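Chemist: I am attaching a structure below and will ask some questions about it afterwards.
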Amino acid sequence: MSMNVRFDLPPDLSASAPPEARGLARDGVRLLVASPESVHHTVFSALGEHLRPGDLLVVNTSGTLPAAVDARRDGRPVVVHFSTPLDDGSWVVELRAPGGPLLDDPGTVVE
């Protein structure tokens with residue numbers, strides 16, 4: 001089965017260059033902070049406000065592909081952003097609400 005998918009990613013939403021090349025300060029880039037209670041969208045300069053003794057800080061150095069597709073999950077629209085292919089042929093993806101934040105249900109398998 002062959003499928004054609006078309007999507008438009010506005011250039012201002014694509015991190016195709018370092019922050020400085022896009023007119024941003026390095027510490028002004030977006031940051032996702034996850035805790036057992038919730039997920040917070042903030043900026044890197046506010047990182048210290050979210051850390052406590054014993055916390056684990058994970059630094060993601062992987063790139064994100066300029067690829068996203070519209071989909072539906074549980075009857076609701078989502079945007080699937082592709083990140084990393086895995087050895088078994090599946091992908092690590094981010095599910096986002098259309099025009100909105102990352103959906104906070106990590107570990108979800110989408111087929």
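Labeling convention for the structure tokens: chains A, B, ... as they appear, residues from 1 per chain, ligands from 1 in order of appearance.
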Can you pull out every residue within 12 Å of Leu51 in chain A, counting only C-alpha atoms, but drop anything in the same chain fewer than 5 positions away, and send it as a list of chain:residue names?
Modeler: A:Val33, A:Ala34, A:Ser35, A:Phe44, A:Ala46, A:Leu56, A:Leu57, A:Val58
Chemist: Keeping only C-alpha atoms, take the residues you just selected and write them out as a short mmCIF file (atom, residue, chain, number, x, y, z; two decimals), in the first residue's frame.
Modeler:
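And here's out12.cif as it stands now:
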```cif
data_model
loop_
_atom_site.label_atom_id
_atom_site.label_comp_id
_atom_site.auth_asym_id
_atom_site.auth_seq_id
_atom_site.Cartn_x
_atom_site.Cartn_y
_atom_site.Cartn_z
CA VAL A 33 10.55 19.58 32.35
CA ALA A 34 8.79 16.37 33.38
CA SER A 35 8.03 15.46 36.99
CA PHE A 44 16.48 26.76 29.55
CA ALA A 46 14.73 28.63 34.19
CA LEU A 56 18.23 13.18 37.14
CA LEU A 57 19.02 15.59 34.31
CA VAL A 58 18.87 14.05 30.82
#
```
Chemist: What's around Ser83 in chain A at 12 Å? Count only C-alpha atoms, leave out sequence neighbours fewer than 4 positions away in its own chain, and write the answer as a VMD selection string.
Modeler: chain A and resid 60 to 68 90 to 95
Chemist: For the selection you just gave me, I'd like the residues written to a file as a JSON list (two decimals), in the first residue's frame, keeping all heavy atoms.
Modeler:
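And here is the file that came out, out.json:
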```json
[["chain", "number", "residue", "atom", "x", "y", "z"],
["A", 60, "ASN", "N", 19.35, 15.72, 25.87],
["A", 60, "ASN", "CA", 19.06, 15.11, 24.58],
["A", 60, "ASN", "C", 19.88, 15.83, 23.51],
["A", 60, "ASN", "O", 19.63, 16.99, 23.21],
["A", 60, "ASN", "CB", 17.57, 15.22, 24.29],
["A", 60, "ASN", "CG", 17.20, 14.62, 22.96],
["A", 60, "ASN", "OD1", 18.05, 14.18, 22.20],
["A", 60, "ASN", "ND2", 15.92, 14.63, 22.66],
["A", 61, "THR", "N", 20.83, 15.12, 22.95],
["A", 61, "THR", "CA", 21.67, 15.73, 21.91],
["A", 61, "THR", "C", 21.27, 15.26, 20.52],
["A", 61, "THR", "O", 21.94, 15.59, 19.55],
["A", 61, "THR", "CB", 23.16, 15.41, 22.15],
["A", 61, "THR", "OG1", 23.33, 13.99, 22.13],
["A", 61, "THR", "CG2", 23.62, 15.98, 23.48],
["A", 62, "SER", "N", 20.20, 14.49, 20.44],
["A", 62, "SER", "CA", 19.78, 13.99, 19.13],
["A", 62, "SER", "C", 19.03, 15.07, 18.37],
["A", 62, "SER", "O", 18.39, 15.94, 18.95],
["A", 62, "SER", "CB", 18.88, 12.76, 19.28],
["A", 62, "SER", "OG", 17.68, 13.11, 19.93],
["A", 63, "GLY", "N", 19.13, 15.00, 17.08],
["A", 63, "GLY", "CA", 18.39, 15.94, 16.24],
["A", 63, "GLY", "C", 16.98, 15.44, 16.00],
["A", 63, "GLY", "O", 16.68, 14.27, 16.18],
["A", 64, "THR", "N", 16.11, 16.34, 15.64],
["A", 64, "THR", "CA", 14.75, 15.98, 15.26],
["A", 64, "THR", "C", 14.63, 16.19, 13.77],
["A", 64, "THR", "O", 15.06, 17.20, 13.23],
["A", 64, "THR", "CB", 13.73, 16.86, 16.01],
["A", 64, "THR", "OG1", 13.91, 16.67, 17.40],
["A", 64, "THR", "CG2", 12.31, 16.48, 15.64],
["A", 65, "LEU", "N", 14.05, 15.22, 13.11],
["A", 65, "LEU", "CA", 13.88, 15.32, 11.66],
["A", 65, "LEU", "C", 12.83, 16.37, 11.33],
["A", 65, "LEU", "O", 11.85, 16.52, 12.07],
["A", 65, "LEU", "CB", 13.45, 13.97, 11.10],
["A", 65, "LEU", "CG", 14.42, 12.83, 11.28],
["A", 65, "LEU", "CD1", 13.80, 11.53, 10.79],
["A", 65, "LEU", "CD2", 15.71, 13.11, 10.54],
["A", 66, "PRO", "N", 12.99, 17.06, 10.23],
["A", 66, "PRO", "CA", 11.95, 18.00, 9.81],
["A", 66, "PRO", "C", 10.79, 17.24, 9.16],
["A", 66, "PRO", "O", 10.51, 17.37, 7.98],
["A", 66, "PRO", "CB", 12.68, 18.91, 8.82],
["A", 66, "PRO", "CG", 13.73, 18.03, 8.24],
["A", 66, "PRO", "CD", 14.15, 17.10, 9.35],
["A", 67, "ALA", "N", 10.17, 16.37, 9.98],
["A", 67, "ALA", "CA", 9.09, 15.52, 9.47],
["A", 67, "ALA", "C", 7.99, 15.42, 10.51],
["A", 67, "ALA", "O", 8.25, 15.11, 11.67],
["A", 67, "ALA", "CB", 9.63, 14.13, 9.14],
["A", 68, "ALA", "N", 6.78, 15.71, 10.09],
["A", 68, "ALA", "CA", 5.62, 15.59, 10.98],
["A", 68, "ALA", "C", 4.41, 15.26, 10.13],
["A", 68, "ALA", "O", 4.32, 15.70, 8.99],
["A", 68, "ALA", "CB", 5.40, 16.89, 11.76],
["A", 90, "SER", "N", 10.69, 0.51, 14.11],
["A", 90, "SER", "CA", 9.77, 1.50, 14.69],
["A", 90, "SER", "C", 10.52, 2.81, 14.91],
["A", 90, "SER", "O", 11.73, 2.89, 14.69],
["A", 90, "SER", "CB", 9.17, 0.97, 16.00],
["A", 90, "SER", "OG", 10.19, 0.76, 16.96],
["A", 91, "TRP", "N", 9.80, 3.84, 15.32],
["A", 91, "TRP", "CA", 10.38, 5.18, 15.49],
["A", 91, "TRP", "C", 10.06, 5.73, 16.87],
["A", 91, "TRP", "O", 9.00, 5.46, 17.42],
["A", 91, "TRP", "CB", 9.78, 6.14, 14.46],
["A", 91, "TRP", "CG", 10.33, 5.98, 13.10],
["A", 91, "TRP", "CD1", 10.01, 5.00, 12.20],
["A", 91, "TRP", "CD2", 11.30, 6.80, 12.47],
["A", 91, "TRP", "NE1", 10.73, 5.18, 11.05],
["A", 91, "TRP", "CE2", 11.52, 6.28, 11.18],
["A", 91, "TRP", "CE3", 11.99, 7.93, 12.86],
["A", 91, "TRP", "CZ2", 12.41, 6.85, 10.29],
["A", 91, "TRP", "CZ3", 12.88, 8.51, 11.97],
["A", 91, "TRP", "CH2", 13.08, 7.97, 10.70],
["A", 92, "VAL", "N", 10.95, 6.55, 17.39],
["A", 92, "VAL", "CA", 10.65, 7.38, 18.56],
["A", 92, "VAL", "C", 10.00, 8.64, 18.00],
["A", 92, "VAL", "O", 10.55, 9.28, 17.09],
["A", 92, "VAL", "CB", 11.92, 7.74, 19.35],
["A", 92, "VAL", "CG1", 11.60, 8.72, 20.47],
["A", 92, "VAL", "CG2", 12.58, 6.48, 19.89],
["A", 93, "VAL", "N", 8.82, 8.97, 18.51],
["A", 93, "VAL", "CA", 8.09, 10.13, 18.01],
["A", 93, "VAL", "C", 7.59, 10.96, 19.18],
["A", 93, "VAL", "O", 7.54, 10.51, 20.31],
["A", 93, "VAL", "CB", 6.88, 9.72, 17.12],
["A", 93, "VAL", "CG1", 7.34, 8.93, 15.92],
["A", 93, "VAL", "CG2", 5.86, 8.94, 17.92],
["A", 94, "GLU", "N", 7.23, 12.21, 18.88],
["A", 94, "GLU", "CA", 6.56, 13.08, 19.84],
["A", 94, "GLU", "C", 5.15, 13.29, 19.32],
["A", 94, "GLU", "O", 4.95, 13.61, 18.15],
["A", 94, "GLU", "CB", 7.25, 14.44, 19.95],
["A", 94, "GLU", "CG", 8.63, 14.37, 20.52],
["A", 94, "GLU", "CD", 9.28, 15.75, 20.53],
["A", 94, "GLU", "OE1", 8.81, 16.68, 19.85],
["A", 94, "GLU", "OE2", 10.28, 15.88, 21.23],
["A", 95, "LEU", "N", 4.17, 13.12, 20.20],
["A", 95, "LEU", "CA", 2.78, 13.41, 19.85],
["A", 95, "LEU", "C", 2.43, 14.77, 20.40],
["A", 95, "LEU", "O", 2.62, 15.04, 21.59],
["A", 95, "LEU", "CB", 1.84, 12.35, 20.45],
["A", 95, "LEU", "CG", 2.05, 10.92, 19.99],
["A", 95, "LEU", "CD1", 1.05, 10.01, 20.68],
["A", 95, "LEU", "CD2", 1.93, 10.81, 18.49]]
```
Chemist: Out of A:Arg73, A:Val43, A:Arg52, A:Ser38, which residue has the shortest atom-to-atom distance to Leu24 in chain A when counting only C-alpha atoms?
Modeler: A:Val43
Chemist: What's the 9 Å shell around Leu32 in chain A, counting only C-alpha atoms, without same-chain residues fewer than 6 positions away, as a PyMOL selection string?
Modeler: chain A and resi 39-44+102
Chemist: Export all heavy atoms of the chosen residues as a PDB file, in the first residue's frame?
Modeler:
```
ATOM      1  N   VAL A  39       3.996  17.994  33.490  1.00  0.00           N
ATOM      2  CA  VAL A  39       4.975  18.366  32.485  1.00  0.00           C
ATOM      3  C   VAL A  39       4.919  19.883  32.353  1.00  0.00           C
ATOM      4  O   VAL A  39       3.842  20.466  32.271  1.00  0.00           O
ATOM      5  CB  VAL A  39       4.654  17.702  31.126  1.00  0.00           C
ATOM      6  CG1 VAL A  39       5.558  18.229  30.035  1.00  0.00           C
ATOM      7  CG2 VAL A  39       4.764  16.188  31.243  1.00  0.00           C
ATOM      8  N   HIS A  40       6.086  20.544  32.369  1.00  0.00           N
ATOM      9  CA  HIS A  40       6.149  21.997  32.274  1.00  0.00           C
ATOM     10  C   HIS A  40       6.894  22.401  31.006  1.00  0.00           C
ATOM     11  O   HIS A  40       7.943  21.840  30.711  1.00  0.00           O
ATOM     12  CB  HIS A  40       6.895  22.600  33.477  1.00  0.00           C
ATOM     13  CG  HIS A  40       6.284  22.286  34.791  1.00  0.00           C
ATOM     14  ND1 HIS A  40       5.207  22.964  35.295  1.00  0.00           N
ATOM     15  CD2 HIS A  40       6.597  21.345  35.708  1.00  0.00           C
ATOM     16  CE1 HIS A  40       4.883  22.459  36.469  1.00  0.00           C
ATOM     17  NE2 HIS A  40       5.712  21.474  36.740  1.00  0.00           N
ATOM     18  N   HIS A  41       6.362  23.361  30.298  1.00  0.00           N
ATOM     19  CA  HIS A  41       7.041  23.961  29.157  1.00  0.00           C
ATOM     20  C   HIS A  41       7.627  25.275  29.648  1.00  0.00           C
ATOM     21  O   HIS A  41       6.917  26.130  30.155  1.00  0.00           O
ATOM     22  CB  HIS A  41       6.060  24.199  28.011  1.00  0.00           C
ATOM     23  CG  HIS A  41       5.490  22.920  27.493  1.00  0.00           C
ATOM     24  ND1 HIS A  41       6.101  22.187  26.501  1.00  0.00           N
ATOM     25  CD2 HIS A  41       4.378  22.231  27.839  1.00  0.00           C
ATOM     26  CE1 HIS A  41       5.390  21.105  26.250  1.00  0.00           C
ATOM     27  NE2 HIS A  41       4.343  21.108  27.051  1.00  0.00           N
ATOM     28  N   THR A  42       8.945  25.421  29.517  1.00  0.00           N
ATOM     29  CA  THR A  42       9.627  26.594  30.043  1.00  0.00           C
ATOM     30  C   THR A  42      10.802  26.929  29.117  1.00  0.00           C
ATOM     31  O   THR A  42      10.826  26.489  27.976  1.00  0.00           O
ATOM     32  CB  THR A  42      10.064  26.345  31.511  1.00  0.00           C
ATOM     33  OG1 THR A  42      10.630  27.534  32.050  1.00  0.00           O
ATOM     34  CG2 THR A  42      11.026  25.196  31.652  1.00  0.00           C
ATOM     35  N   VAL A  43      11.758  27.682  29.597  1.00  0.00           N
ATOM     36  CA  VAL A  43      12.967  27.993  28.836  1.00  0.00           C
ATOM     37  C   VAL A  43      14.185  27.535  29.633  1.00  0.00           C
ATOM     38  O   VAL A  43      14.130  27.404  30.852  1.00  0.00           O
ATOM     39  CB  VAL A  43      13.077  29.500  28.496  1.00  0.00           C
ATOM     40  CG1 VAL A  43      12.009  29.913  27.498  1.00  0.00           C
ATOM     41  CG2 VAL A  43      13.019  30.353  29.743  1.00  0.00           C
ATOM     42  N   PHE A  44      15.289  27.314  28.924  1.00  0.00           N
ATOM     43  CA  PHE A  44      16.480  26.755  29.551  1.00  0.00           C
ATOM     44  C   PHE A  44      16.999  27.607  30.701  1.00  0.00           C
ATOM     45  O   PHE A  44      17.495  27.080  31.702  1.00  0.00           O
ATOM     46  CB  PHE A  44      17.579  26.537  28.512  1.00  0.00           C
ATOM     47  CG  PHE A  44      18.713  25.724  29.041  1.00  0.00           C
ATOM     48  CD1 PHE A  44      18.606  24.345  29.119  1.00  0.00           C
ATOM     49  CD2 PHE A  44      19.877  26.327  29.484  1.00  0.00           C
ATOM     50  CE1 PHE A  44      19.641  23.575  29.626  1.00  0.00           C
ATOM     51  CE2 PHE A  44      20.921  25.575  29.989  1.00  0.00           C
ATOM     52  CZ  PHE A  44      20.809  24.197  30.059  1.00  0.00           C
ATOM     53  N   LEU A 102       3.238  19.404  23.666  1.00  0.00           N
ATOM     54  CA  LEU A 102       3.513  17.982  23.649  1.00  0.00           C
ATOM     55  C   LEU A 102       2.471  17.283  24.508  1.00  0.00           C
ATOM     56  O   LEU A 102       2.118  17.763  25.584  1.00  0.00           O
ATOM     57  CB  LEU A 102       4.914  17.754  24.222  1.00  0.00           C
ATOM     58  CG  LEU A 102       5.458  16.355  24.265  1.00  0.00           C
ATOM     59  CD1 LEU A 102       5.811  15.900  22.844  1.00  0.00           C
ATOM     60  CD2 LEU A 102       6.706  16.323  25.127  1.00  0.00           C
TER      61      LEU A 102
END
```
Chemist: Enumerate the residues of range 26-83 of chain A with a DSSP assignment of helix (DSSP H, G or I), computed from the backbone, and present them as a PDB file with C-alpha atoms, in the first residue's frame.
Modeler:
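Below you can see result11.pdb, which holds the result:
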```
ATOM      1  CA  ARG A  26      21.332  30.030  23.950  1.00  0.00           C
ATOM      2  CA  ASP A  27      19.608  30.091  27.362  1.00  0.00           C
ATOM      3  CA  GLY A  28      16.300  31.204  25.817  1.00  0.00           C
ATOM      4  CA  PHE A  44      16.480  26.755  29.551  1.00  0.00           C
ATOM      5  CA  SER A  45      17.390  29.784  31.669  1.00  0.00           C
ATOM      6  CA  ALA A  46      14.730  28.629  34.195  1.00  0.00           C
ATOM      7  CA  LEU A  47      16.221  25.130  34.572  1.00  0.00           C
ATOM      8  CA  GLY A  48      17.504  25.790  38.109  1.00  0.00           C
ATOM      9  CA  GLU A  49      13.962  26.529  39.307  1.00  0.00           C
ATOM     10  CA  HIS A  50      12.949  22.949  38.505  1.00  0.00           C
TER      11      HIS A  50
END
```
Chemist: Report as a count of residues only all protein, DNA and RNA residues lying within 10 Å of Arg76 in chain A, evaluated on only C-alpha atoms, omitting residues in the same chain fewer than 3 positions from it.
Modeler: 5
Chemist: Using Å and a single decimal, report how far CA of Asp55 in chain A sits from CA of Leu31 in chain A.
Modeler: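 Distance reported for this atom pair: 15.9 Å.
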Chemist: Based on DSSP run over this structure's backbone, return all residues of range 10-56 of chain A in strand (DSSP E or B), as a PyMOL selection string.
Modeler: chain A and resi 30-34+39-43
Chemist: Could you check how far CA of Pro19 in chain A sits from CA of Val59 in chain A, in Å to one decimal?
Modeler: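 Between CA of Pro19 in chain A and CA of Val59 in chain A the gap works out to 16.3 Å.
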